[in-house]
$ cat data-v3.txt   # compact mmCIF, C-alpha atoms
# COMPACT_ATOMS: atom_id res chain seq x y z
CA GLY A 945 -92.32 190.47 -38.49
CA GLN A 946 -91.29 192.51 -35.49
CA ASN A 947 -89.39 195.74 -35.96
CA ILE A 948 -88.39 198.35 -33.40
CA ASP A 949 -86.46 201.50 -34.24
CA GLN A 950 -84.86 203.94 -31.84
CA PRO A 951 -81.79 206.15 -32.17
CA THR A 952 -78.52 204.45 -31.34
CA GLU A 953 -76.97 207.29 -29.39
CA MET A 954 -77.91 210.68 -27.98
CA THR A 955 -76.09 213.29 -25.97
CA ALA A 956 -77.54 215.98 -23.75
CA THR A 957 -76.50 218.52 -21.17
CA GLU A 958 -77.11 218.21 -17.45
CA GLY A 959 -80.35 219.98 -16.51
CA ALA A 960 -81.76 219.81 -20.03
CA ILE A 961 -84.68 217.84 -21.48
CA VAL A 962 -84.26 214.97 -23.91
CA GLN A 963 -86.82 212.99 -25.90
CA ILE A 964 -86.05 209.46 -27.06
CA ASN A 965 -88.29 208.27 -29.87
CA CYS A 966 -89.31 204.73 -30.70
CA THR A 967 -91.28 203.41 -33.63
CA TYR A 968 -92.44 199.84 -33.76
CA GLN A 969 -94.18 197.33 -35.96
CA THR A 970 -95.33 194.30 -34.02
CA SER A 971 -98.14 191.81 -34.11
CA GLY A 972 -100.32 191.21 -31.08
CA PHE A 973 -99.42 194.59 -29.56
CA ASN A 974 -100.45 194.90 -25.92
CA GLY A 975 -98.76 197.98 -24.53
CA LEU A 976 -95.23 199.33 -24.45
CA PHE A 977 -92.58 199.45 -21.75
CA TRP A 978 -89.54 201.65 -21.33
CA TYR A 979 -86.57 200.35 -19.35
CA GLN A 980 -83.32 201.94 -18.24
CA GLN A 981 -80.15 199.88 -18.30
CA HIS A 982 -76.76 200.89 -16.94
CA ALA A 983 -73.75 199.10 -18.36
CA GLY A 984 -73.33 195.62 -16.93
CA GLU A 985 -76.61 195.75 -15.04
CA ALA A 986 -80.10 194.42 -15.60
CA PRO A 987 -82.84 196.70 -16.95
CA THR A 988 -85.01 198.61 -14.52
CA PHE A 989 -88.61 199.53 -15.20
CA LEU A 990 -89.40 203.14 -16.09
CA SER A 991 -92.88 203.24 -17.59
CA TYR A 992 -95.72 201.34 -19.19
CA ASN A 993 -98.26 202.68 -21.67
CA VAL A 994 -101.20 200.64 -22.87
CA LEU A 995 -103.55 203.46 -23.90
CA ASP A 996 -102.77 206.42 -26.15
CA GLY A 997 -101.51 209.48 -24.38
CA LEU A 998 -98.94 210.70 -21.94
CA GLU A 999 -97.98 209.02 -18.67
CA GLU A 1000 -96.01 211.21 -16.29
CA LYS A 1001 -93.90 209.91 -13.44
CA GLY A 1002 -91.64 212.47 -11.84
CA ARG A 1003 -88.84 213.48 -14.18
CA PHE A 1004 -89.82 210.80 -16.67
CA SER A 1005 -92.81 210.82 -19.02
CA SER A 1006 -93.77 208.41 -21.76
CA PHE A 1007 -96.13 208.85 -24.66
CA LEU A 1008 -97.85 206.30 -26.85
CA SER A 1009 -99.75 206.48 -30.14
CA ARG A 1010 -100.99 203.03 -31.05
CA SER A 1011 -102.31 204.08 -34.45
CA LYS A 1012 -98.92 205.48 -35.43
CA GLY A 1013 -96.83 202.77 -33.82
CA TYR A 1014 -94.92 205.46 -32.00
CA SER A 1015 -93.75 206.14 -28.48
CA TYR A 1016 -91.34 208.50 -26.82
CA LEU A 1017 -89.63 208.77 -23.46
CA LEU A 1018 -89.12 212.28 -22.12
CA LEU A 1019 -86.48 212.91 -19.49
CA LYS A 1020 -86.49 216.28 -17.72
CA GLU A 1021 -83.92 217.97 -15.52
CA LEU A 1022 -81.26 215.58 -16.70
CA GLN A 1023 -78.72 214.36 -14.18
CA MET A 1024 -75.36 212.72 -14.77
CA LYS A 1025 -76.74 209.45 -13.40
CA ASP A 1026 -79.25 209.38 -16.27
CA SER A 1027 -76.41 208.36 -18.58
CA ALA A 1028 -77.53 204.87 -19.56
CA SER A 1029 -79.21 202.89 -22.30
CA TYR A 1030 -82.95 203.29 -22.70
CA LEU A 1031 -84.82 200.33 -24.09
CA CYS A 1032 -88.14 200.52 -25.87
CA ALA A 1033 -90.02 197.25 -25.46
CA PRO A 1034 -93.43 196.56 -26.98
CA ASN A 1035 -95.41 193.91 -25.15
CA THR A 1036 -96.74 191.38 -27.61
CA VAL A 1037 -99.04 188.41 -27.45
CA SER A 1038 -97.74 185.42 -29.35
CA GLY A 1039 -98.84 181.83 -29.07
CA GLY A 1040 -101.02 182.76 -26.13
CA TYR A 1041 -98.14 184.30 -24.20
CA ASN A 1042 -97.27 187.89 -23.40
CA LYS A 1043 -93.65 188.70 -24.10
CA LEU A 1044 -91.47 191.76 -24.49
CA ILE A 1045 -89.55 192.47 -27.65
CA PHE A 1046 -86.66 194.82 -26.99
CA GLY A 1047 -85.30 197.47 -29.29
CA ALA A 1048 -81.56 197.88 -29.64
CA GLY A 1049 -81.62 200.65 -27.08
CA THR A 1050 -80.57 204.29 -27.11
CA ARG A 1051 -77.33 205.11 -25.32
CA LEU A 1052 -77.74 208.48 -23.66
CA ALA A 1053 -74.69 210.42 -22.53
CA VAL A 1054 -75.31 213.33 -20.17
CA HIS A 1055 -72.45 215.79 -19.87
CA PRO A 1056 -71.93 218.77 -17.57
CA GLY B 337 -91.15 196.08 -5.08
CA ALA B 338 -90.77 192.63 -6.54
CA VAL B 339 -87.31 191.12 -6.31
CA VAL B 340 -85.77 188.61 -8.67
CA SER B 341 -82.42 187.04 -7.90
CA GLN B 342 -79.98 185.16 -10.08
CA HIS B 343 -77.21 182.83 -9.08
CA PRO B 344 -74.38 182.88 -9.80
CA SER B 345 -73.74 186.51 -10.70
CA TRP B 346 -70.74 185.48 -12.74
CA VAL B 347 -69.18 182.21 -13.79
CA ILE B 348 -66.11 181.13 -15.71
CA CYS B 349 -66.04 177.65 -17.14
CA LYS B 350 -64.03 175.52 -19.53
CA SER B 351 -65.23 174.80 -23.02
CA GLY B 352 -67.35 171.64 -23.15
CA THR B 353 -68.67 171.87 -19.61
CA SER B 354 -72.23 172.67 -18.55
CA VAL B 355 -73.32 175.61 -16.46
CA LYS B 356 -76.57 176.03 -14.54
CA ILE B 357 -78.02 179.46 -13.77
CA GLU B 358 -80.84 179.88 -11.26
CA CYS B 359 -83.52 182.55 -11.33
CA ARG B 360 -85.74 183.07 -8.30
CA SER B 361 -88.64 185.38 -7.59
CA LEU B 362 -88.19 186.19 -3.92
CA ASP B 363 -91.42 187.85 -2.86
CA PHE B 364 -93.98 186.85 -5.45
CA GLN B 365 -95.04 183.82 -7.42
CA ALA B 366 -94.06 184.05 -11.06
CA THR B 367 -96.39 182.37 -13.49
CA THR B 368 -93.99 183.15 -16.29
CA MET B 369 -90.23 183.55 -16.40
CA PHE B 370 -88.20 184.72 -19.36
CA TRP B 371 -84.57 184.15 -20.27
CA TYR B 372 -82.63 186.71 -22.25
CA ARG B 373 -79.11 186.92 -23.59
CA GLN B 374 -77.27 190.15 -24.17
CA PHE B 375 -73.99 190.59 -26.01
CA PRO B 376 -71.88 193.72 -25.42
CA LYS B 377 -73.52 196.91 -26.67
CA GLN B 378 -76.49 194.98 -27.99
CA SER B 379 -80.03 194.72 -26.75
CA LEU B 380 -81.66 191.89 -24.88
CA MET B 381 -82.57 188.95 -27.06
CA LEU B 382 -85.35 186.75 -25.76
CA MET B 383 -84.25 183.13 -25.69
CA ALA B 384 -87.27 181.41 -24.21
CA THR B 385 -90.45 181.80 -22.23
CA SER B 386 -90.93 179.48 -19.30
CA ASN B 387 -94.25 178.69 -17.65
CA GLU B 388 -94.39 176.76 -14.39
CA GLY B 389 -95.08 173.10 -14.92
CA SER B 390 -94.87 173.13 -18.70
CA LYS B 391 -92.20 173.03 -21.38
CA ALA B 392 -90.44 176.23 -22.27
CA THR B 393 -91.22 177.99 -25.53
CA TYR B 394 -88.01 178.78 -27.38
CA GLU B 395 -87.49 181.63 -29.78
CA GLN B 396 -86.50 180.92 -33.33
CA GLY B 397 -82.83 180.11 -33.65
CA VAL B 398 -82.34 179.10 -30.00
CA GLU B 399 -81.27 175.48 -29.60
CA LYS B 400 -83.49 173.85 -27.00
CA ASP B 401 -81.10 170.95 -26.53
CA LYS B 402 -78.27 173.32 -25.75
CA PHE B 403 -80.14 175.70 -23.49
CA LEU B 404 -82.16 173.57 -21.12
CA ILE B 405 -84.83 175.39 -19.16
CA ASN B 406 -86.66 174.02 -16.17
CA HIS B 407 -89.44 175.85 -14.34
CA ALA B 408 -90.21 173.47 -11.51
CA SER B 409 -91.98 175.88 -9.20
CA LEU B 410 -93.60 179.30 -9.19
CA THR B 411 -90.45 180.84 -7.74
CA LEU B 412 -87.62 179.05 -9.52
CA SER B 413 -86.48 178.62 -13.10
CA THR B 414 -83.11 177.30 -14.20
CA LEU B 415 -81.17 177.67 -17.43
CA THR B 416 -78.48 175.11 -18.17
CA VAL B 417 -76.00 175.88 -20.91
CA THR B 418 -74.81 172.47 -22.04
CA SER B 419 -71.44 171.84 -23.65
CA ALA B 420 -70.60 175.52 -23.43
CA HIS B 421 -68.32 177.11 -26.03
CA PRO B 422 -66.60 180.51 -26.10
CA GLU B 423 -69.34 181.90 -28.36
CA ASP B 424 -71.83 181.24 -25.54
CA SER B 425 -70.04 183.82 -23.40
CA SER B 426 -72.62 186.48 -22.73
CA PHE B 427 -74.74 188.23 -20.13
CA TYR B 428 -77.76 186.06 -19.30
CA ILE B 429 -80.70 187.82 -17.69
CA CYS B 430 -83.92 186.34 -16.40
CA SER B 431 -87.15 188.12 -15.67
CA ALA B 432 -90.29 187.06 -13.86
CA ARG B 433 -93.88 188.08 -14.16
CA TRP B 434 -97.10 187.37 -12.34
CA GLY B 435 -100.11 187.48 -14.63
CA ALA B 436 -99.97 190.25 -17.21
CA GLU B 437 -98.08 192.71 -15.04
CA GLU B 438 -94.65 194.12 -15.72
CA GLN B 439 -91.61 191.96 -15.84
CA PHE B 440 -89.08 192.19 -13.03
CA PHE B 441 -85.52 191.51 -14.04
CA GLY B 442 -82.82 189.65 -12.19
CA PRO B 443 -79.35 191.17 -11.85
CA GLY B 444 -77.94 189.01 -14.62
CA THR B 445 -75.25 186.34 -14.85
CA ARG B 446 -72.08 186.96 -16.77
CA LEU B 447 -70.83 183.75 -18.35
CA THR B 448 -67.30 183.45 -19.68
CA VAL B 449 -66.34 180.24 -21.45
CA LEU B 450 -62.61 179.69 -21.86
$ encode --input "data-v3.txt" --output "structure tokens"
Amino acid sequence: GQNIDQPTEMTATEGAIVQINCTYQTSGFNGLFWYQQHAGEAPTFLSYNVLDGLEEKGRFSSFLSRSKGYSYLLLKELQMKDSASYLCAPNTVSGGYNKLIFGAGTRLAVHP
Amino acid sequence: GAVVSQHPSWVICKSGTSVKIECRSLDFQATTMFWYRQFPKQSLMLMATSNEGSKATYEQGVEKDKFLINHASLTLSTLTVTSAHPEDSSFYICSARWGAEEQFFGPGTRLTVL
């Protein structure tokens, strides 16, 4: 079956660094996405990892280890606007189709 | 970047009526569109995968006769919630993808069934 685990909630201070971990067990794994979602809005794309290693994009970095079924999203220089849910989403191939399976999301609260 | 629109952005309907939600890819042709449902403080649950010109593939537990999906063109997919009930009230989000690239999400439609 498919299983995705990430912490339910995290808090951090403005200007700090936070790491959101995600472990997954999926069949037909074909890369992993991270999305940001503010309350009442649709998710927005943050990063995509298909190979092992670290992908850096400005204040956001994402890491993937396929052998360990593990990924993390690293947010640097936190800003108040970073308060949102962060969704870990492995891309899987099933029945010939690529589809995303979303984790429950990690609600991040950034405080002054 | 790629833009996906949804219409309407919110809808209130009476129990027993049907509601149609449109999802359009505005600046690219989407070979695949996805429909998700999200309840408050929960994650997105994939309902179905829709490929242009073929029948949608529904996830386990999703009633295909209740949630009718049509993907008539490479830029338009529709979700019709038939005989809606209060438990169908949710945030419905579509996404669109070309090939194996990332999915682009629409802004979502909030459905409230009275």
$ residues_around --input "data-v3.txt" --residues "Gln342 (chain B)" --least-positions-apart "3" --cutoff "12 Å" --atoms "all atoms listed in the file" --output "compact mmCIF listing (two decimals) with C-alpha atoms, in the coordinates of the input"
# COMPACT_ATOMS: atom_id res chain seq x y z
CA ALA A 986 -80.10 194.42 -15.60
CA VAL B 339 -87.31 191.12 -6.31
CA SER B 345 -73.74 186.51 -10.70
CA TRP B 346 -70.74 185.48 -12.74
CA VAL B 347 -69.18 182.21 -13.79
CA LYS B 356 -76.57 176.03 -14.54
CA ILE B 357 -78.02 179.46 -13.77
CA GLU B 358 -80.84 179.88 -11.26
CA CYS B 359 -83.52 182.55 -11.33
CA ARG B 360 -85.74 183.07 -8.30
CA SER B 361 -88.64 185.38 -7.59
CA LEU B 362 -88.19 186.19 -3.92
CA TRP B 371 -84.57 184.15 -20.27
CA THR B 411 -90.45 180.84 -7.74
CA LEU B 412 -87.62 179.05 -9.52
CA SER B 413 -86.48 178.62 -13.10
CA THR B 414 -83.11 177.30 -14.20
CA LEU B 415 -81.17 177.67 -17.43
CA PHE B 427 -74.74 188.23 -20.13
CA TYR B 428 -77.76 186.06 -19.30
CA ILE B 429 -80.70 187.82 -17.69
CA CYS B 430 -83.92 186.34 -16.40
CA SER B 431 -87.15 188.12 -15.67
CA ALA B 432 -90.29 187.06 -13.86
CA PHE B 440 -89.08 192.19 -13.03
CA PHE B 441 -85.52 191.51 -14.04
CA GLY B 442 -82.82 189.65 -12.19
CA PRO B 443 -79.35 191.17 -11.85
CA GLY B 444 -77.94 189.01 -14.62
CA THR B 445 -75.25 186.34 -14.85
CA ARG B 446 -72.08 186.96 -16.77
$ closest_residue --input "data-v3.txt" --among "A:Gln963, A:Asn947, A:Asn1042, A:Ser1009" --to "Tyr1030 (chain A)" --atoms "all atoms listed in the file"
A:Gln963
$ closest_residue --input "data-v3.txt" --among "B:Thr418, B:Ala384, B:Gln378, B:Tyr394" --to "chain A" --atoms "all atoms listed in the file"
B:Gln378
$ closest_residue --input "data-v3.txt" --among "B:Lys350, B:Lys391, B:Arg433, B:His343" --to "His407 (chain B)" --atoms "only C-alpha atoms"
B:Lys391
$ residues_near_point --input "data-v3.txt" --point "(-95.7, 209.2, -26.4)" --cutoff "6 Å" --atoms "only C-alpha atoms" --output "count of residues only"
6
$ atom_distance --input "data-v3.txt" --atom1 "CA of Met1024 (chain A)" --atom2 "CA of Leu1052 (chain A)"
10.1 Å
$ closest_atom_pairs --input "data-v3.txt" --of "chain A" --to "chain B" --cutoff "12 Å" --atoms "all atoms listed in the file" --output "CSV"
residue,atom,partner,partner_atom,distance
A:Ile948,CA,B:Ser379,CA,11.3
A:Asp949,CA,B:Ser379,CA,12.0
A:Gln950,CA,B:Ser379,CA,11.6
A:Thr952,CA,B:Lys377,CA,10.2
A:Glu953,CA,B:Lys377,CA,11.3
A:Asn974,CA,B:Ala436,CA,9.9
A:Gly975,CA,B:Glu438,CA,10.5
A:Leu976,CA,B:Glu438,CA,10.2
A:Phe977,CA,B:Glu438,CA,8.3
A:Trp978,CA,B:Glu438,CA,10.7
A:Tyr979,CA,B:Phe441,CA,10.4
A:Gln980,CA,B:Phe441,CA,11.5
A:Gln981,CA,B:Ser379,CA,9.9
A:His982,CA,B:Lys377,CA,11.0
A:Ala983,CA,B:Lys377,CA,8.6
A:Gly984,CA,B:Phe427,CA,8.2
A:Glu985,CA,B:Pro443,CA,6.2
A:Ala986,CA,B:Pro443,CA,5.0
A:Pro987,CA,B:Phe441,CA,6.5
A:Thr988,CA,B:Phe441,CA,7.1
A:Phe989,CA,B:Phe440,CA,7.7
A:Leu990,CA,B:Glu438,CA,10.4
A:Ser991,CA,B:Glu438,CA,9.5
A:Tyr992,CA,B:Glu438,CA,8.1
A:Asn993,CA,B:Glu438,CA,11.0
A:Val994,CA,B:Glu437,CA,11.6
A:Ala1028,CA,B:Lys377,CA,11.4
A:Ser1029,CA,B:Ser379,CA,9.3
A:Tyr1030,CA,B:Ser379,CA,9.9
A:Leu1031,CA,B:Ser379,CA,7.8
A:Cys1032,CA,B:Ser379,CA,10.0
A:Ala1033,CA,B:Leu380,CA,9.9
A:Pro1034,CA,B:Glu438,CA,11.6
A:Asn1035,CA,B:Glu438,CA,9.5
A:Thr1036,CA,B:Ala436,CA,10.9
A:Val1037,CA,B:Ala436,CA,10.4
A:Ser1038,CA,B:Thr393,CA,10.6
A:Gly1039,CA,B:Thr393,CA,9.2
A:Gly1040,CA,B:Thr393,CA,10.9
A:Tyr1041,CA,B:Thr385,CA,8.3
A:Asn1042,CA,B:Ala436,CA,7.2
A:Lys1043,CA,B:Thr385,CA,7.8
A:Leu1044,CA,B:Leu382,CA,8.0
A:Ile1045,CA,B:Leu382,CA,7.3
A:Phe1046,CA,B:Leu380,CA,6.2
A:Gly1047,CA,B:Ser379,CA,6.5
A:Ala1048,CA,B:Ser379,CA,4.5
A:Gly1049,CA,B:Ser379,CA,6.1
A:Thr1050,CA,B:Ser379,CA,9.6
A:Arg1051,CA,B:Lys377,CA,9.1
$ write_last_selection --input "data-v3.txt" --atoms "C-alpha atoms" --output "PDB file, in the frame of the given file"
ATOM      1  CA  ILE A 948     -88.390 198.350 -33.400  1.00  0.00           C
ATOM      2  CA  ASP A 949     -86.460 201.500 -34.240  1.00  0.00           C
ATOM      3  CA  GLN A 950     -84.860 203.940 -31.840  1.00  0.00           C
ATOM      4  CA  THR A 952     -78.520 204.450 -31.340  1.00  0.00           C
ATOM      5  CA  GLU A 953     -76.970 207.290 -29.390  1.00  0.00           C
ATOM      6  CA  ASN A 974    -100.450 194.900 -25.920  1.00  0.00           C
ATOM      7  CA  GLY A 975     -98.760 197.980 -24.530  1.00  0.00           C
ATOM      8  CA  LEU A 976     -95.230 199.330 -24.450  1.00  0.00           C
ATOM      9  CA  PHE A 977     -92.580 199.450 -21.750  1.00  0.00           C
ATOM     10  CA  TRP A 978     -89.540 201.650 -21.330  1.00  0.00           C
ATOM     11  CA  TYR A 979     -86.570 200.350 -19.350  1.00  0.00           C
ATOM     12  CA  GLN A 980     -83.320 201.940 -18.240  1.00  0.00           C
ATOM     13  CA  GLN A 981     -80.150 199.880 -18.300  1.00  0.00           C
ATOM     14  CA  HIS A 982     -76.760 200.890 -16.940  1.00  0.00           C
ATOM     15  CA  ALA A 983     -73.750 199.100 -18.360  1.00  0.00           C
ATOM     16  CA  GLY A 984     -73.330 195.620 -16.930  1.00  0.00           C
ATOM     17  CA  GLU A 985     -76.610 195.750 -15.040  1.00  0.00           C
ATOM     18  CA  ALA A 986     -80.100 194.420 -15.600  1.00  0.00           C
ATOM     19  CA  PRO A 987     -82.840 196.700 -16.950  1.00  0.00           C
ATOM     20  CA  THR A 988     -85.010 198.610 -14.520  1.00  0.00           C
ATOM     21  CA  PHE A 989     -88.610 199.530 -15.200  1.00  0.00           C
ATOM     22  CA  LEU A 990     -89.400 203.140 -16.090  1.00  0.00           C
ATOM     23  CA  SER A 991     -92.880 203.240 -17.590  1.00  0.00           C
ATOM     24  CA  TYR A 992     -95.720 201.340 -19.190  1.00  0.00           C
ATOM     25  CA  ASN A 993     -98.260 202.680 -21.670  1.00  0.00           C
ATOM     26  CA  VAL A 994    -101.200 200.640 -22.870  1.00  0.00           C
ATOM     27  CA  ALA A1028     -77.530 204.870 -19.560  1.00  0.00           C
ATOM     28  CA  SER A1029     -79.210 202.890 -22.300  1.00  0.00           C
ATOM     29  CA  TYR A1030     -82.950 203.290 -22.700  1.00  0.00           C
ATOM     30  CA  LEU A1031     -84.820 200.330 -24.090  1.00  0.00           C
ATOM     31  CA  CYS A1032     -88.140 200.520 -25.870  1.00  0.00           C
ATOM     32  CA  ALA A1033     -90.020 197.250 -25.460  1.00  0.00           C
ATOM     33  CA  PRO A1034     -93.430 196.560 -26.980  1.00  0.00           C
ATOM     34  CA  ASN A1035     -95.410 193.910 -25.150  1.00  0.00           C
ATOM     35  CA  THR A1036     -96.740 191.380 -27.610  1.00  0.00           C
ATOM     36  CA  VAL A1037     -99.040 188.410 -27.450  1.00  0.00           C
ATOM     37  CA  SER A1038     -97.740 185.420 -29.350  1.00  0.00           C
ATOM     38  CA  GLY A1039     -98.840 181.830 -29.070  1.00  0.00           C
ATOM     39  CA  GLY A1040    -101.020 182.760 -26.130  1.00  0.00           C
ATOM     40  CA  TYR A1041     -98.140 184.300 -24.200  1.00  0.00           C
ATOM     41  CA  ASN A1042     -97.270 187.890 -23.400  1.00  0.00           C
ATOM     42  CA  LYS A1043     -93.650 188.700 -24.100  1.00  0.00           C
ATOM     43  CA  LEU A1044     -91.470 191.760 -24.490  1.00  0.00           C
ATOM     44  CA  ILE A1045     -89.550 192.470 -27.650  1.00  0.00           C
ATOM     45  CA  PHE A1046     -86.660 194.820 -26.990  1.00  0.00           C
ATOM     46  CA  GLY A1047     -85.300 197.470 -29.290  1.00  0.00           C
ATOM     47  CA  ALA A1048     -81.560 197.880 -29.640  1.00  0.00           C
ATOM     48  CA  GLY A1049     -81.620 200.650 -27.080  1.00  0.00           C
ATOM     49  CA  THR A1050     -80.570 204.290 -27.110  1.00  0.00           C
ATOM     50  CA  ARG A1051     -77.330 205.110 -25.320  1.00  0.00           C
TER      51      ARG A1051
END
$ atom_distance --input "data-v3.txt" --atom1 "CA of Ser1027 (chain A)" --atom2 "CA of Val962 (chain A)"
11.6 Å
$ atom_distance --input "data-v3.txt" --atom1 "CA of Glu395 (chain B)" --atom2 "CA of Ser1011 (chain A)"
27.3 Å
$ residues_near_point --input "data-v3.txt" --point "(-77.8, 174.2, -31.4)" --cutoff "12 Å" --atoms "all atoms listed in the file" --output "PyMOL selection string"
chain B and resi 394+396-404+417-421+423-424
$ axis_aligned_box --input "data-v3.txt" --around "region 1024-1034 of chain A" --padding-each-side "5 Å" --output "lines of an AutoDock Vina configuration file"
center_x = -84.4
center_y = 204.6
center_z = -20.2
size_x = 28.1
size_y = 26.2
size_z = 23.6
$ closest_residue --input "data-v3.txt" --among "B:Ile405, B:Trp434, B:Leu450, B:Ile348" --to "Met383 (chain B)" --atoms "all atoms listed in the file"
B:Ile405
$ closest_residue --input "data-v3.txt" --among "B:Pro344, B:Ala408, B:Glu388, B:Thr448" --to "Pro422 (chain B)" --atoms "all atoms listed in the file"
B:Thr448
$ build_atoms --input "data-v3.txt" --residues "region 952-959 of chain A" --atoms "all heavy atoms" --output "CSV table (one decimal), in the coordinates of the input"
chain,number,residue,atom,x,y,z
A,952,THR,N,-79.6,205.2,-32.0
A,952,THR,CA,-78.5,204.4,-31.3
A,952,THR,C,-77.9,205.2,-30.2
A,952,THR,O,-77.7,204.7,-29.1
A,952,THR,CB,-77.4,204.1,-32.4
A,952,THR,OG1,-78.0,203.4,-33.5
A,952,THR,CG2,-76.4,203.2,-31.7
A,953,GLU,N,-77.6,206.5,-30.4
A,953,GLU,CA,-77.0,207.3,-29.4
A,953,GLU,C,-77.6,208.7,-29.3
A,953,GLU,O,-78.0,209.2,-30.4
A,953,GLU,CB,-75.5,207.4,-29.7
A,953,GLU,CG,-74.7,206.1,-29.6
A,953,GLU,CD,-73.2,206.2,-29.8
A,953,GLU,OE1,-72.8,207.3,-30.3
A,953,GLU,OE2,-72.5,205.3,-29.4
A,954,MET,N,-77.5,209.3,-28.2
A,954,MET,CA,-77.9,210.7,-28.0
A,954,MET,C,-77.0,211.3,-26.9
A,954,MET,O,-76.6,210.6,-26.0
A,954,MET,CB,-79.4,210.8,-27.6
A,954,MET,CG,-80.4,210.3,-28.6
A,954,MET,SD,-82.1,210.5,-28.1
A,954,MET,CE,-82.3,212.3,-28.3
A,955,THR,N,-76.8,212.6,-27.0
A,955,THR,CA,-76.1,213.3,-26.0
A,955,THR,C,-76.9,214.5,-25.5
A,955,THR,O,-77.7,215.0,-26.3
A,955,THR,CB,-74.7,213.8,-26.4
A,955,THR,OG1,-74.9,214.7,-27.6
A,955,THR,CG2,-73.8,212.6,-26.9
A,956,ALA,N,-76.8,214.9,-24.3
A,956,ALA,CA,-77.5,216.0,-23.8
A,956,ALA,C,-76.7,216.6,-22.6
A,956,ALA,O,-75.8,216.0,-22.0
A,956,ALA,CB,-78.9,215.5,-23.3
A,957,THR,N,-77.2,217.8,-22.2
A,957,THR,CA,-76.5,218.5,-21.2
A,957,THR,C,-77.2,218.4,-19.8
A,957,THR,O,-78.5,218.3,-19.8
A,957,THR,CB,-76.4,220.0,-21.5
A,957,THR,OG1,-75.8,220.1,-22.8
A,957,THR,CG2,-75.6,220.8,-20.5
A,958,GLU,N,-76.5,218.3,-18.8
A,958,GLU,CA,-77.1,218.2,-17.4
A,958,GLU,C,-78.1,219.3,-17.3
A,958,GLU,O,-77.9,220.5,-17.6
A,958,GLU,CB,-76.0,218.3,-16.4
A,958,GLU,CG,-76.4,218.0,-15.0
A,958,GLU,CD,-75.2,218.0,-14.1
A,958,GLU,OE1,-74.1,218.5,-14.4
A,958,GLU,OE2,-75.3,217.4,-13.0
A,959,GLY,N,-79.3,219.0,-16.7
A,959,GLY,CA,-80.4,220.0,-16.5
A,959,GLY,C,-81.3,220.2,-17.7
A,959,GLY,O,-82.4,220.8,-17.5
